[in-house]
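Peer 1: My structure is in data-v8.tsv, and what it holds is TSV, C-alpha atoms:
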chain	number	residue	atom	x	y	z
M	22	MET	CA	-101.91	-28.01	43.34
M	23	THR	CA	-101.61	-27.67	39.58
M	24	PHE	CA	-104.61	-26.35	37.67
M	25	LYS	CA	-105.39	-28.99	35.04
M	26	SER	CA	-107.59	-28.06	32.08
M	27	THR	CA	-108.97	-30.58	29.62
M	28	ILE	CA	-110.56	-29.26	26.43
M	29	LEU	CA	-112.99	-31.30	24.34
M	30	THR	CA	-113.00	-29.87	20.84
M	31	LEU	CA	-113.12	-30.63	17.12
M	32	TYR	CA	-110.08	-28.36	16.69
M	33	PRO	CA	-107.40	-29.36	19.23
M	34	ASP	CA	-104.72	-27.52	17.23
M	35	MET	CA	-106.24	-24.25	18.45
M	36	PHE	CA	-104.77	-24.95	21.91
M	37	PRO	CA	-102.83	-23.66	23.73
M	38	GLY	CA	-102.77	-20.93	21.08
M	39	PRO	CA	-102.24	-17.53	22.72
M	40	LEU	CA	-102.10	-19.22	26.12
M	41	GLY	CA	-98.69	-20.55	25.15
M	42	HIS	CA	-97.26	-17.02	25.29
M	43	SER	CA	-96.62	-14.26	27.83
M	44	LEU	CA	-97.65	-14.87	31.47
M	45	ALA	CA	-99.82	-17.90	30.74
M	46	GLY	CA	-97.13	-19.44	28.56
M	47	ARG	CA	-94.45	-19.01	31.21
M	48	GLY	CA	-96.80	-20.52	33.78
M	49	LEU	CA	-97.37	-23.45	31.44
M	50	GLU	CA	-93.61	-23.99	31.08
M	51	ARG	CA	-93.23	-23.90	34.86
M	52	GLU	CA	-96.05	-26.44	35.21
M	53	LEU	CA	-98.17	-24.08	37.30
M	54	TRP	CA	-101.05	-25.19	35.11
M	55	SER	CA	-101.59	-27.65	32.27
M	56	ILE	CA	-103.80	-28.01	29.22
M	57	GLU	CA	-104.86	-31.09	27.26
M	58	ALA	CA	-106.91	-30.79	24.07
M	59	CYS	CA	-108.92	-33.92	23.23
M	60	GLN	CA	-110.36	-34.57	19.77
M	61	ILE	CA	-114.10	-35.28	19.99
M	62	ARG	CA	-114.01	-36.90	16.56
M	63	ASP	CA	-111.83	-39.73	17.89
M	64	HIS	CA	-114.97	-41.10	19.53
M	65	ALA	CA	-117.05	-41.33	16.37
M	66	THR	CA	-118.06	-44.90	15.50
M	67	ASP	CA	-118.74	-44.85	11.76
M	68	LYS	CA	-116.23	-44.94	8.90
M	69	HIS	CA	-116.81	-41.26	8.14
M	70	ARG	CA	-116.05	-40.26	11.77
M	71	SER	CA	-119.35	-38.37	11.93
M	72	VAL	CA	-119.92	-36.22	15.00
M	73	ASP	CA	-123.10	-34.36	14.07
M	74	ASP	CA	-126.58	-34.94	12.66
M	75	THR	CA	-129.67	-32.98	11.67
M	76	PRO	CA	-131.73	-31.42	14.50
M	77	ALA	CA	-134.77	-33.34	15.68
M	78	GLY	CA	-137.88	-31.46	14.64
M	79	GLY	CA	-136.15	-29.93	11.66
M	80	GLY	CA	-134.42	-26.62	11.22
M	81	ALA	CA	-131.14	-25.22	9.98
M	82	GLY	CA	-127.70	-26.47	10.82
M	83	MET	CA	-126.42	-29.57	12.56
M	84	VAL	CA	-126.17	-30.73	16.19
M	85	LEU	CA	-123.32	-32.55	17.94
M	86	ARG	CA	-124.41	-36.14	18.61
M	87	ALA	CA	-125.10	-37.21	22.18
M	88	ASP	CA	-123.36	-40.59	21.96
M	89	VAL	CA	-120.12	-39.28	20.44
M	90	LEU	CA	-119.72	-36.33	22.81
M	91	ALA	CA	-120.67	-38.36	25.89
M	92	SER	CA	-118.03	-40.92	25.00
M	93	ALA	CA	-115.42	-38.17	24.65
M	94	ILE	CA	-116.36	-36.71	28.03
M	95	ASP	CA	-116.26	-40.10	29.74
M	96	ALA	CA	-112.80	-40.81	28.33
M	97	ALA	CA	-111.44	-37.44	29.47
M	98	ALA	CA	-113.13	-37.27	32.87
M	99	PRO	CA	-114.08	-40.38	34.88
M	100	PRO	CA	-117.02	-40.06	37.30
M	101	ASP	CA	-114.73	-39.38	40.27
M	102	ASP	CA	-112.96	-36.44	38.55
M	103	PRO	CA	-113.53	-33.46	40.90
M	104	ARG	CA	-113.15	-30.82	38.20
M	105	PRO	CA	-116.25	-28.87	37.11
M	106	ARG	CA	-117.61	-29.66	33.66
M	107	LEU	CA	-118.15	-26.47	31.71
M	108	LEU	CA	-119.81	-25.99	28.34
M	109	MET	CA	-119.07	-22.79	26.47
M	110	SER	CA	-122.50	-21.57	25.39
M	111	PRO	CA	-124.09	-18.18	24.55
M	112	ARG	CA	-127.10	-19.13	26.65
M	113	GLY	CA	-124.97	-19.90	29.70
M	114	THR	CA	-124.41	-18.05	32.96
M	115	PRO	CA	-122.22	-14.97	32.35
M	116	PHE	CA	-118.58	-15.55	33.24
M	117	THR	CA	-117.31	-13.07	35.84
M	118	GLN	CA	-114.09	-12.12	37.58
M	119	ALA	CA	-115.47	-13.67	40.76
M	120	ARG	CA	-115.95	-16.99	38.96
M	121	ALA	CA	-112.42	-16.75	37.55
M	122	HIS	CA	-111.08	-16.46	41.10
M	123	GLU	CA	-113.19	-19.41	42.22
M	124	LEU	CA	-111.98	-21.66	39.41
M	125	ALA	CA	-108.34	-20.57	39.81
M	126	LYS	CA	-108.39	-21.95	43.37
M	127	GLY	CA	-109.62	-25.36	42.22
M	128	PRO	CA	-108.07	-28.41	40.57
M	129	GLY	CA	-108.94	-27.32	37.03
M	130	ALA	CA	-111.83	-27.74	34.61
M	131	ILE	CA	-113.28	-29.94	31.88
M	132	ILE	CA	-114.27	-27.56	29.08
M	133	VAL	CA	-116.53	-28.62	26.22
M	134	CYS	CA	-116.38	-26.53	23.05
M	135	GLY	CA	-119.56	-26.79	21.02
M	136	ARG	CA	-119.89	-26.30	17.27
M	137	PHE	CA	-122.66	-26.09	14.69
M	138	GLU	CA	-126.08	-25.23	16.19
M	139	GLY	CA	-125.11	-26.69	19.55
M	140	ILE	CA	-124.97	-30.04	21.31
M	141	ASP	CA	-127.63	-32.58	22.18
M	142	GLN	CA	-129.39	-31.46	25.36
M	143	ARG	CA	-129.24	-34.98	26.78
M	144	VAL	CA	-125.47	-34.74	27.10
M	145	ILE	CA	-125.82	-31.50	29.05
M	146	ASP	CA	-128.31	-33.15	31.39
M	147	ARG	CA	-126.67	-36.55	31.83
M	148	ARG	CA	-123.06	-35.33	32.09
M	149	ASN	CA	-123.92	-32.38	34.33
M	150	LEU	CA	-122.46	-29.71	32.07
M	151	GLU	CA	-122.61	-26.16	33.39
M	152	GLU	CA	-123.21	-23.70	30.57
M	153	ILE	CA	-120.94	-20.63	30.66
M	154	SER	CA	-121.13	-17.54	28.44
M	155	VAL	CA	-118.36	-15.00	27.83
M	156	GLY	CA	-120.69	-12.40	26.32
M	157	ASP	CA	-123.90	-11.62	24.51
M	158	TYR	CA	-122.67	-12.48	21.03
M	159	ILE	CA	-122.25	-15.58	18.87
M	160	LEU	CA	-118.91	-17.17	18.01
M	161	SER	CA	-118.21	-19.86	15.41
M	162	GLY	CA	-117.51	-22.32	18.21
M	163	GLY	CA	-116.59	-22.62	21.85
M	164	GLU	CA	-112.83	-22.61	21.34
M	165	MET	CA	-112.29	-18.83	21.39
M	166	ALA	CA	-114.59	-18.55	24.40
M	167	ALA	CA	-112.64	-21.28	26.19
M	168	LEU	CA	-109.34	-19.50	25.49
M	169	THR	CA	-110.76	-16.25	26.84
M	170	MET	CA	-112.09	-17.91	29.98
M	171	LEU	CA	-108.86	-19.82	30.60
M	172	ASP	CA	-106.77	-16.67	30.22
M	173	ALA	CA	-108.85	-14.95	32.90
M	174	ILE	CA	-108.41	-17.96	35.20
M	175	VAL	CA	-104.78	-18.84	34.62
M	176	ARG	CA	-103.41	-15.36	35.32
M	177	LEU	CA	-104.90	-15.63	38.83
M	178	ILE	CA	-103.10	-18.87	39.68
M	179	PRO	CA	-100.40	-18.15	42.29
M	180	GLY	CA	-97.04	-17.60	40.63
M	181	VAL	CA	-98.35	-16.87	37.14
M	182	MET	CA	-98.70	-13.11	37.51
M	183	GLY	CA	-95.56	-11.40	38.77
M	184	ASN	CA	-97.15	-8.38	40.45
M	185	LEU	CA	-100.11	-9.44	42.59
M	186	GLU	CA	-100.98	-5.80	43.24
M	187	SER	CA	-101.81	-5.44	39.55
M	188	ALA	CA	-104.67	-7.91	39.93
M	189	ASP	CA	-106.05	-6.15	43.01
M	190	THR	CA	-106.56	-2.85	41.16
M	191	GLU	CA	-107.95	-4.17	37.88
M	192	SER	CA	-111.45	-3.66	36.55
M	193	PHE	CA	-114.15	-5.72	38.30
M	194	GLU	CA	-111.97	-6.61	41.30
M	195	ASN	CA	-113.74	-4.06	43.50
M	196	GLY	CA	-116.93	-3.73	41.47
M	197	LEU	CA	-115.60	-0.77	39.47
M	198	LEU	CA	-113.88	-0.23	36.14
M	199	GLU	CA	-110.18	0.54	36.36
M	200	HIS	CA	-108.93	4.13	36.51
M	201	PRO	CA	-106.90	5.70	33.64
M	202	HIS	CA	-103.15	5.10	33.43
M	203	TYR	CA	-100.27	7.41	32.41
M	204	THR	CA	-96.51	7.10	31.95
M	205	ARG	CA	-93.63	8.90	30.18
M	206	PRO	CA	-93.30	11.14	28.26
M	207	ALA	CA	-94.60	13.85	30.56
M	208	GLU	CA	-96.19	15.62	27.57
M	209	PHE	CA	-97.76	13.91	24.56
M	210	GLU	CA	-99.32	15.87	21.69
M	211	GLY	CA	-100.03	18.79	23.99
M	212	MET	CA	-101.51	16.66	26.77
M	213	THR	CA	-99.81	16.31	30.15
M	214	ILE	CA	-100.04	13.79	32.98
M	215	PRO	CA	-102.50	14.93	35.70
M	216	ASP	CA	-100.53	16.81	38.34
M	217	VAL	CA	-101.83	14.68	41.20
M	218	LEU	CA	-100.08	11.59	39.78
M	219	THR	CA	-96.68	13.27	39.94
M	220	SER	CA	-97.27	14.94	43.31
M	221	GLY	CA	-95.93	12.10	45.43
M	222	ASN	CA	-99.00	12.38	47.68
M	223	HIS	CA	-100.15	8.76	47.80
M	224	LYS	CA	-103.38	9.56	49.65
M	225	LYS	CA	-104.46	12.06	47.00
M	226	ILE	CA	-103.38	9.69	44.22
M	227	ALA	CA	-105.57	6.94	45.70
M	228	GLU	CA	-108.49	9.36	46.02
M	229	TRP	CA	-108.07	10.50	42.39
M	230	ARG	CA	-107.93	6.94	41.11
M	231	LEU	CA	-111.06	5.97	43.02
M	232	GLN	CA	-112.89	9.06	41.75
M	233	LYS	CA	-111.97	8.28	38.14
M	234	SER	CA	-112.98	4.62	38.57
M	235	GLU	CA	-116.35	5.70	39.90
M	236	GLU	CA	-116.86	8.20	37.07
M	237	LEU	CA	-115.99	5.65	34.39
M	238	THR	CA	-118.21	2.99	35.91
M	239	ARG	CA	-121.16	5.36	36.29
M	240	ASP	CA	-120.85	6.54	32.68
M	241	ARG	CA	-120.01	3.27	30.92
M	242	ARG	CA	-121.50	0.50	33.05
M	243	PRO	CA	-124.64	1.64	34.87
M	244	ASP	CA	-125.31	-2.02	35.73
M	245	LEU	CA	-122.08	-2.24	37.73
M	246	TRP	CA	-122.61	1.21	39.19
M	247	GLY	CA	-126.04	0.22	40.48
M	248	ASN	CA	-124.57	-2.75	42.33
M	249	TYR	CA	-121.68	-0.66	43.68
M	250	VAL	CA	-123.82	2.06	45.26
M	251	GLU	CA	-126.40	-0.31	46.78
Would you put the structure from the file into structure tokens?
Peer 2:
Amino acid sequence: MTFKSTILTLYPDMFPGPLGHSLAGRGLERELWSIEACQIRDHATDKHRSVDDTPAGGGAGMVLRADVLASAIDAAAPPDDPRPRLLMSPRGTPFTQARAHELAKGPGAIIVCGRFEGIDQRVIDRRNLEEISVGDYILSGGEMAALTMLDAIVRLIPGVMGNLESADTESFENGLLEHPHYTRPAEFEGMTIPDVLTSGNHKKIAEWRLQKSEELTRDRRPDLWGNYVE
């Protein structure tokens, strides 16, 4: 099964962007996944190709129109399309590594990239959009968030990442942050590689890595640490 992503955006030229390079780019060339960027503005009905209007009730900024965006969604994803419909939104459910795994096993995703102050709530309700957040901060639009989310998903698709073991030991895979890494040269600016990592004792290396992961998680992410020790 090929993971098929469809992006609804006012800036289709932003895709595939960085996803056209490195692991994701090679996977794209090998058709392990696909991406289609659809221009929301193509579904505007007036001569100015307007996609936004002032917010009901007043206030700053503009809001993406319900009729234009709904038409774009309907054209990209018919009612029987099994892919989840995701809206990149700072008020959405936090995106996690677990959700990346879940989506990577599916047929793909419809991803709506908002702009301005947001989109008309009626589109969210009537088109069953699931709001997803990539962090507690505000971006200029949903495109960068969509690229970030897709990168996390695509690298988990079978065949995209060369070394599957790399994914198993990364941050968040076991509820902990990843341990420190070292490589040559053996000495750098007076600092050496910890002896245990050059000892050849795989049991002690594993114990050291787990210890360091636990220390980092406890110090930097008490929220993760609390879940880990429960």
Peer 1: Determine the nearest neighbour of M:Phe116 from the options M:Met83, M:Ile145, M:Ile153, M:Leu90, counting all atoms listed in the file.
Peer 2: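 Looking at the shortest contact to M:Phe116, the residue is M:Ile153.
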Peer 1: Would you list the contacts of M:Glu152 as a list in words, taking every protein, DNA or RNA residue within 9 Å and counting all atoms listed in the file, but skipping same-chain residues closer than 3 positions in sequence?
Peer 2: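 Counting only the stated atoms, we get Arg106, Leu107, Leu108, Met109, Ser110, Pro111, Arg112, Gly113, Thr114, Pro115 and Ile145 of chain M.
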Peer 1: Could you tell me how far atom CA of M:Gly48 sits from atom CA of M:Met182, in Å to one decimal place?
Peer 2: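 For atom CA of M:Met182 relative to atom CA of M:Gly48, the distance reads 8.5 Å.
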Peer 1: If we count only C-alpha atoms and set the cut-off at 8 Å, which residues sit around M:Pro201, ignoring sequence neighbours fewer than 6 positions away in its own chain? Please answer as a list in words.
Peer 2: Arg230, Lys233 and Ser234 of chain M
Peer 1: Can you tell me how far atom CA of M:Ser92 sits from atom CA of M:His64, in Å to one decimal?
Peer 2: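 Those two atoms sit 6.3 Å apart.
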Peer 1: Out of M:Ile178, M:Ser71, M:Leu231, M:Ala91, which residue has the shortest atom-to-atom distance to M:Asp146 when counting all atoms listed in the file?
Peer 2: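 So, comparing all the options, the nearest one is M:Ala91.
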Peer 1: Rounded to one decimal in Å, what is the spacing between atom CA of M:Asp102 and atom CA of M:Arg47?
Peer 2: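 Between these atoms lies a distance of 26.5 Å.
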Peer 1: Return the single residue from M:Leu245, M:Pro33, M:Arg104, M:Glu208 that is closest to M:Thr117, with distances computed using all atoms listed in the file.
Peer 2: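 Checking each candidate against M:Thr117, we get M:Leu245 as the closest.
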Peer 1: Could you tell me which of M:Met212, M:Ala65, M:Ala207, M:Leu197 comes closest to M:Gln118 if we count only C-alpha atoms?
Peer 2: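 Among the listed residues, M:Leu197 lies closest to M:Gln118.
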Peer 1: From the coordinates I just gave you, please extract stretch 56-83 of chain M so that only C-alpha atoms remain, then output it as a CSV table (one decimal), in the first residue's frame.
Peer 2:
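As written to disk, part_3.csv reads:
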chain,number,residue,atom,x,y,z
M,56,ILE,CA,2.1,13.9,-2.3
M,57,GLU,CA,-0.4,16.1,-4.2
M,58,ALA,CA,-0.7,19.8,-3.4
M,59,CYS,CA,-4.1,21.3,-4.3
M,60,GLN,CA,-4.7,25.0,-4.7
M,61,ILE,CA,-7.7,26.1,-2.5
M,62,ARG,CA,-8.0,29.3,-4.6
M,63,ASP,CA,-9.0,27.3,-7.7
M,64,HIS,CA,-12.4,26.8,-6.0
M,65,ALA,CA,-13.2,30.5,-5.5
M,66,THR,CA,-16.2,31.6,-7.5
M,67,ASP,CA,-15.8,35.4,-7.9
M,68,LYS,CA,-13.6,37.2,-10.5
M,69,HIS,CA,-11.0,38.1,-7.8
M,70,ARG,CA,-10.7,34.5,-6.7
M,71,SER,CA,-11.4,35.5,-3.1
M,72,VAL,CA,-10.9,32.8,-0.4
M,73,ASP,CA,-11.3,34.8,2.8
M,74,ASP,CA,-13.7,37.3,4.4
M,75,THR,CA,-13.9,39.3,7.6
M,76,PRO,CA,-14.8,37.4,10.8
M,77,ALA,CA,-18.4,37.3,11.9
M,78,GLY,CA,-18.7,39.4,15.1
M,79,GLY,CA,-15.8,41.6,14.1
M,80,GLY,CA,-12.2,41.4,15.1
M,81,ALA,CA,-8.8,41.4,13.4
M,82,GLY,CA,-7.7,39.5,10.4
M,83,MET,CA,-9.6,37.4,7.9
